[in-house]
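Structure file protein_9.cif (mmCIF, C-alpha atoms) is printed below.
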data_start
loop_
_atom_site.label_atom_id
_atom_site.label_comp_id
_atom_site.auth_asym_id
_atom_site.auth_seq_id
_atom_site.Cartn_x
_atom_site.Cartn_y
_atom_site.Cartn_z
CA MET A 1 2.58 14.90 -3.03
CA LYS A 2 -0.13 14.69 -0.36
CA ILE A 3 0.56 12.04 2.29
CA ILE A 4 -1.35 11.99 5.56
CA ILE A 5 0.12 10.27 8.61
CA ASN A 6 -2.25 8.92 11.25
CA HIS A 7 -0.27 8.60 14.47
CA SER A 8 -3.14 6.83 16.25
CA LEU A 9 -3.06 3.83 13.89
CA MET A 10 -1.28 0.65 14.88
CA THR A 11 0.27 0.60 11.38
CA PRO A 12 3.91 1.74 11.35
CA ILE A 13 4.44 5.17 9.79
CA TYR A 14 6.74 3.88 7.06
CA GLU A 15 4.01 1.41 6.00
CA GLN A 16 1.49 4.25 5.83
CA VAL A 17 3.86 6.13 3.52
CA VAL A 18 4.41 3.02 1.36
CA ASP A 19 0.67 2.30 1.09
CA GLN A 20 -0.18 5.88 0.14
CA ILE A 21 2.52 6.06 -2.53
CA LYS A 22 1.33 2.73 -3.97
CA THR A 23 -2.22 4.10 -4.04
CA MET A 24 -1.01 7.20 -5.91
CA ILE A 25 0.74 4.97 -8.44
CA ARG A 26 -2.36 2.79 -8.87
CA LYS A 27 -4.61 5.84 -9.37
CA GLY A 28 -2.20 7.32 -11.91
CA GLU A 29 -1.35 10.32 -9.75
CA LEU A 30 2.29 9.17 -9.90
CA LYS A 31 3.44 7.95 -13.29
CA GLU A 32 6.54 6.21 -14.58
CA ASN A 33 9.68 8.35 -14.15
CA ASP A 34 7.97 10.84 -11.79
CA GLN A 35 10.42 11.92 -9.12
CA LEU A 36 9.48 11.47 -5.46
CA PRO A 37 10.41 14.18 -2.96
CA SER A 38 13.83 13.77 -1.39
CA VAL A 39 14.01 11.93 1.92
CA ARG A 40 14.88 15.18 3.69
CA THR A 41 12.05 17.16 2.04
CA LEU A 42 9.38 14.55 2.74
CA SER A 43 10.50 14.00 6.34
CA LYS A 44 10.38 17.74 6.98
CA GLU A 45 6.96 18.05 5.30
CA LEU A 46 5.47 15.12 7.27
CA LYS A 47 7.35 15.99 10.49
CA ILE A 48 8.73 12.47 10.77
CA SER A 49 12.22 11.00 10.92
CA ALA A 50 14.26 10.92 7.74
CA LEU A 51 15.08 7.30 8.61
CA THR A 52 11.35 6.48 8.45
CA VAL A 53 11.07 7.99 4.96
CA LYS A 54 14.26 6.19 3.90
CA LYS A 55 12.80 2.90 5.14
CA ALA A 56 9.61 3.54 3.14
CA TYR A 57 11.59 4.36 -0.02
CA ASP A 58 13.83 1.30 0.49
CA ASN A 59 10.74 -0.87 0.88
CA LEU A 60 9.21 0.55 -2.30
CA GLU A 61 12.48 -0.02 -4.16
CA GLU A 62 12.76 -3.58 -2.86
CA GLU A 63 9.25 -4.29 -4.16
CA GLY A 64 10.07 -2.77 -7.56
CA PHE A 65 7.86 0.30 -7.40
CA VAL A 66 10.64 2.90 -7.41
CA VAL A 67 14.26 3.19 -8.48
CA THR A 68 16.81 5.29 -6.62
CA VAL A 69 19.59 6.89 -8.63
CA HIS A 70 22.22 7.95 -6.13
CA GLY A 71 22.76 11.68 -6.23
CA LYS A 72 19.77 12.15 -8.56
CA GLY A 73 16.68 11.05 -6.59
CA THR A 74 14.01 8.39 -6.39
CA TYR A 75 11.75 7.77 -9.39
CA VAL A 76 8.62 5.71 -10.04
CA SER A 77 9.63 2.63 -12.00
CA ALA A 78 7.97 1.01 -15.01
CA ASN A 79 5.66 -2.02 -14.91
CA ASN A 80 4.60 -1.40 -11.35
CA ARG A 81 0.82 -1.35 -11.98
CA GLU A 82 0.77 -5.09 -12.59
CA LEU A 83 2.80 -5.70 -9.43
CA LEU A 84 0.46 -3.49 -7.45
CA LEU A 85 -2.69 -5.19 -8.73
CA GLU A 86 -1.30 -8.64 -7.98
CA GLU A 87 -0.26 -7.57 -4.49
CA GLN A 88 -3.70 -6.10 -3.82
CA LYS A 89 -5.40 -9.30 -4.98
CA LYS A 90 -3.29 -11.34 -2.57
CA GLU A 91 -4.12 -8.97 0.31
CA ILE A 92 -7.85 -9.17 -0.46
CA GLU A 93 -7.69 -12.97 -0.68
CA ALA A 94 -6.02 -13.09 2.73
CA ASP A 95 -8.63 -10.73 4.22
CA LEU A 96 -11.47 -12.81 2.77
CA GLU A 97 -9.93 -15.99 4.12
CA MET A 98 -9.72 -14.42 7.59
CA ALA A 99 -13.39 -13.36 7.35
CA ILE A 100 -14.40 -16.89 6.36
CA GLN A 101 -12.43 -18.40 9.24
CA LYS A 102 -13.98 -15.95 11.69
CA GLY A 103 -17.46 -16.76 10.37
CA ARG A 104 -16.83 -20.46 10.83
CA ARG A 105 -15.58 -19.90 14.39
CA CYS A 106 -18.83 -18.04 15.10
CA GLY A 107 -20.86 -20.98 13.80
CA ILE A 108 -21.91 -19.51 10.46
CA SER A 109 -22.31 -22.20 7.80
CA ASP A 110 -20.55 -22.05 4.44
CA GLU A 111 -23.92 -21.55 2.75
CA GLU A 112 -24.70 -18.57 5.01
CA LEU A 113 -21.24 -17.13 4.34
CA LYS A 114 -21.79 -17.53 0.62
CA SER A 115 -25.11 -15.68 0.78
CA LEU A 116 -23.48 -12.91 2.85
CA PHE A 117 -20.74 -12.45 0.25
CA GLU A 118 -23.31 -12.42 -2.55
CA MET A 119 -25.39 -9.82 -0.71
CA ILE A 120 -22.28 -7.66 -0.17
CA LEU A 121 -21.27 -7.92 -3.84
CA GLU A 122 -24.78 -7.02 -5.05
CA GLY A 123 -25.31 -4.18 -2.59
#
Please express the file's structure as structure tokens.
Amino acid sequence: MKIIINHSLMTPIYEQVVDQIKTMIRKGELKENDQLPSVRTLSKELKISALTVKKAYDNLEEEGFVVTVHGKGTYVSANNRELLLEEQKKEIEADLEMAIQKGRRCGISDEELKSLFEMILEG
């Protein structure tokens, strides 16, 4: 599993791990019942704290993307693609809403914003 940690980002390391694993699931690189590396193995590979990896795995399990079987490992769970797509849609909606609000604060009219979005979607 290839995960890259960017220490200069303001995003916490465990969130970077979570986001990259979700991306691998979405792309089909990780499939249902695939086993993730152990907490110890991944922390050693990434040169980060085992507690950080554990927090990432716990977060993924809480969201329903993985299942941990104590003594056996952590596995990708079923039906996670739909969860991931819904989550991504919500994130994009929030980002678009922030862009619209920023445009309005800068004095851009709704009509101008609409034409900007159309131009972006076409281009």
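For the residues A:Ser49, A:Ser77, A:Ser43, A:Gln35, ranking by smallest atom-to-atom distance to Gly64 of chain A using all atoms listed in the file places A:Ser77 first.
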Distance query Asn6 of chain A at most 12 Å, only C-alpha atoms, self and fewer than 5 positions along chain excluded, as a list of chain:residue names = A:Thr11, A:Pro12, A:Ile13, A:Tyr14, A:Glu15, A:Gln16, A:Val17, A:Gln20, A:Leu46, A:Lys47, A:Ile48
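Considering only C-alpha atoms, the residue among A:Ala99, A:Tyr75, A:Pro37, A:Glu91 positioned nearest to Phe117 of chain A is A:Ala99.
Minimum atom-to-atom distance to Gly103 of chain A, evaluated using all atoms listed in the file, belongs to A:Leu116 out of A:Leu121, A:Lys27, A:Met1, A:Leu116.
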Grab the atom CA of Glu111 of chain A to atom CA of Glu93 of chain A distance for me, in Å with one decimal place.
-> 18.7 Å
Counting only C-alpha atoms, figure out which residue out of A:Asp95, A:Val66, A:Ala50, A:Val18 gets nearest to Asn33 of chain A.
-> A:Val66
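For the pair atom CA of Thr74 of chain A and atom CA of Gln88 of chain A, the separation is 23.0 Å.
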Atom CA of Val53 of chain A to atom CA of Val39 of chain A: how many Å, to one decimal?
-> 5.8 Å
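Taking all atoms listed in the file into account, Ile5 of chain A lies nearest to A:Leu42 out of the set A:Leu42, A:Cys106, A:Ile120, A:Leu51.
With all atoms listed in the file as the basis for measurement, A:Asp19 is the residue among A:Glu29, A:Asp19, A:Glu118, A:Asp34 that approaches Glu87 of chain A most closely.
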Please reconstruct the missing atoms of segment 98-109 of chain A (target: all heavy atoms) and return them as a PDB file, in the coordinates of the input.
ATOM      1  N   MET A  98      -9.570 -14.689   6.154  1.00  0.00           N
ATOM      2  CA  MET A  98      -9.720 -14.420   7.590  1.00  0.00           C
ATOM      3  C   MET A  98     -11.196 -14.239   7.954  1.00  0.00           C
ATOM      4  O   MET A  98     -11.644 -14.716   9.001  1.00  0.00           O
ATOM      5  CB  MET A  98      -8.922 -13.179   7.996  1.00  0.00           C
ATOM      6  CG  MET A  98      -7.439 -13.438   8.051  1.00  0.00           C
ATOM      7  SD  MET A  98      -6.367 -12.128   8.734  1.00  0.00           S
ATOM      8  CE  MET A  98      -7.275 -10.646   8.610  1.00  0.00           C
ATOM      9  N   ALA A  99     -11.953 -13.559   7.089  1.00  0.00           N
ATOM     10  CA  ALA A  99     -13.390 -13.360   7.350  1.00  0.00           C
ATOM     11  C   ALA A  99     -14.125 -14.700   7.342  1.00  0.00           C
ATOM     12  O   ALA A  99     -14.991 -14.945   8.196  1.00  0.00           O
ATOM     13  CB  ALA A  99     -13.989 -12.421   6.302  1.00  0.00           C
ATOM     14  N   ILE A 100     -13.775 -15.574   6.425  1.00  0.00           N
ATOM     15  CA  ILE A 100     -14.400 -16.890   6.360  1.00  0.00           C
ATOM     16  C   ILE A 100     -14.087 -17.693   7.618  1.00  0.00           C
ATOM     17  O   ILE A 100     -14.977 -18.298   8.229  1.00  0.00           O
ATOM     18  CB  ILE A 100     -13.955 -17.642   5.085  1.00  0.00           C
ATOM     19  CG1 ILE A 100     -14.556 -16.971   3.850  1.00  0.00           C
ATOM     20  CG2 ILE A 100     -14.348 -19.113   5.153  1.00  0.00           C
ATOM     21  CD1 ILE A 100     -13.957 -17.426   2.537  1.00  0.00           C
ATOM     22  N   GLN A 101     -12.823 -17.678   8.027  1.00  0.00           N
ATOM     23  CA  GLN A 101     -12.430 -18.400   9.240  1.00  0.00           C
ATOM     24  C   GLN A 101     -13.155 -17.867  10.472  1.00  0.00           C
ATOM     25  O   GLN A 101     -13.612 -18.634  11.327  1.00  0.00           O
ATOM     26  CB  GLN A 101     -10.907 -18.338   9.442  1.00  0.00           C
ATOM     27  CG  GLN A 101     -10.103 -19.033   8.367  1.00  0.00           C
ATOM     28  CD  GLN A 101     -10.459 -20.506   8.232  1.00  0.00           C
ATOM     29  OE1 GLN A 101     -10.740 -21.187   9.200  1.00  0.00           O
ATOM     30  NE2 GLN A 101     -10.459 -20.987   6.996  1.00  0.00           N
ATOM     31  N   LYS A 102     -13.282 -16.551  10.560  1.00  0.00           N
ATOM     32  CA  LYS A 102     -13.980 -15.950  11.690  1.00  0.00           C
ATOM     33  C   LYS A 102     -15.454 -16.347  11.673  1.00  0.00           C
ATOM     34  O   LYS A 102     -16.031 -16.669  12.721  1.00  0.00           O
ATOM     35  CB  LYS A 102     -13.856 -14.425  11.656  1.00  0.00           C
ATOM     36  CG  LYS A 102     -14.458 -13.736  12.853  1.00  0.00           C
ATOM     37  CD  LYS A 102     -14.183 -12.253  12.855  1.00  0.00           C
ATOM     38  CE  LYS A 102     -14.732 -11.607  14.122  1.00  0.00           C
ATOM     39  NZ  LYS A 102     -14.420 -10.181  14.161  1.00  0.00           N
ATOM     40  N   GLY A 103     -16.059 -16.337  10.492  1.00  0.00           N
ATOM     41  CA  GLY A 103     -17.460 -16.760  10.370  1.00  0.00           C
ATOM     42  C   GLY A 103     -17.652 -18.192  10.818  1.00  0.00           C
ATOM     43  O   GLY A 103     -18.608 -18.511  11.532  1.00  0.00           O
ATOM     44  N   ARG A 104     -16.744 -19.051  10.424  1.00  0.00           N
ATOM     45  CA  ARG A 104     -16.830 -20.460  10.830  1.00  0.00           C
ATOM     46  C   ARG A 104     -16.674 -20.614  12.333  1.00  0.00           C
ATOM     47  O   ARG A 104     -17.364 -21.421  12.948  1.00  0.00           O
ATOM     48  CB  ARG A 104     -15.781 -21.281  10.083  1.00  0.00           C
ATOM     49  CG  ARG A 104     -16.122 -21.484   8.627  1.00  0.00           C
ATOM     50  CD  ARG A 104     -15.070 -22.288   7.913  1.00  0.00           C
ATOM     51  NE  ARG A 104     -15.447 -22.506   6.515  1.00  0.00           N
ATOM     52  CZ  ARG A 104     -14.578 -22.720   5.554  1.00  0.00           C
ATOM     53  NH1 ARG A 104     -13.286 -22.769   5.821  1.00  0.00           N
ATOM     54  NH2 ARG A 104     -14.995 -22.909   4.319  1.00  0.00           N
ATOM     55  N   ARG A 105     -15.755 -19.836  12.932  1.00  0.00           N
ATOM     56  CA  ARG A 105     -15.580 -19.900  14.390  1.00  0.00           C
ATOM     57  C   ARG A 105     -16.838 -19.441  15.117  1.00  0.00           C
ATOM     58  O   ARG A 105     -17.114 -19.877  16.225  1.00  0.00           O
ATOM     59  CB  ARG A 105     -14.391 -19.036  14.831  1.00  0.00           C
ATOM     60  CG  ARG A 105     -13.039 -19.665  14.562  1.00  0.00           C
ATOM     61  CD  ARG A 105     -11.916 -18.928  15.292  1.00  0.00           C
ATOM     62  NE  ARG A 105     -11.864 -17.493  15.040  1.00  0.00           N
ATOM     63  CZ  ARG A 105     -11.207 -16.926  14.036  1.00  0.00           C
ATOM     64  NH1 ARG A 105     -10.534 -17.657  13.173  1.00  0.00           N
ATOM     65  NH2 ARG A 105     -11.215 -15.611  13.895  1.00  0.00           N
ATOM     66  N   CYS A 106     -17.593 -18.543  14.492  1.00  0.00           N
ATOM     67  CA  CYS A 106     -18.830 -18.040  15.100  1.00  0.00           C
ATOM     68  C   CYS A 106     -20.027 -18.944  14.795  1.00  0.00           C
ATOM     69  O   CYS A 106     -21.154 -18.629  15.169  1.00  0.00           O
ATOM     70  CB  CYS A 106     -19.122 -16.621  14.596  1.00  0.00           C
ATOM     71  SG  CYS A 106     -17.922 -15.412  15.149  1.00  0.00           S
ATOM     72  N   GLY A 107     -19.788 -20.028  14.078  1.00  0.00           N
ATOM     73  CA  GLY A 107     -20.860 -20.980  13.800  1.00  0.00           C
ATOM     74  C   GLY A 107     -21.671 -20.693  12.560  1.00  0.00           C
ATOM     75  O   GLY A 107     -22.750 -21.276  12.372  1.00  0.00           O
ATOM     76  N   ILE A 108     -21.188 -19.818  11.698  1.00  0.00           N
ATOM     77  CA  ILE A 108     -21.910 -19.510  10.460  1.00  0.00           C
ATOM     78  C   ILE A 108     -21.545 -20.569   9.424  1.00  0.00           C
ATOM     79  O   ILE A 108     -20.367 -20.864   9.216  1.00  0.00           O
ATOM     80  CB  ILE A 108     -21.554 -18.092   9.946  1.00  0.00           C
ATOM     81  CG1 ILE A 108     -21.962 -17.051  10.990  1.00  0.00           C
ATOM     82  CG2 ILE A 108     -22.214 -17.817   8.610  1.00  0.00           C
ATOM     83  CD1 ILE A 108     -21.523 -15.638  10.654  1.00  0.00           C
ATOM     84  N   SER A 109     -22.554 -21.138   8.787  1.00  0.00           N
ATOM     85  CA  SER A 109     -22.310 -22.200   7.800  1.00  0.00           C
ATOM     86  C   SER A 109     -21.725 -21.614   6.524  1.00  0.00           C
ATOM     87  O   SER A 109     -21.842 -20.409   6.259  1.00  0.00           O
ATOM     88  CB  SER A 109     -23.616 -22.932   7.476  1.00  0.00           C
ATOM     89  OG  SER A 109     -24.467 -22.086   6.719  1.00  0.00           O
TER      90      SER A 109
END
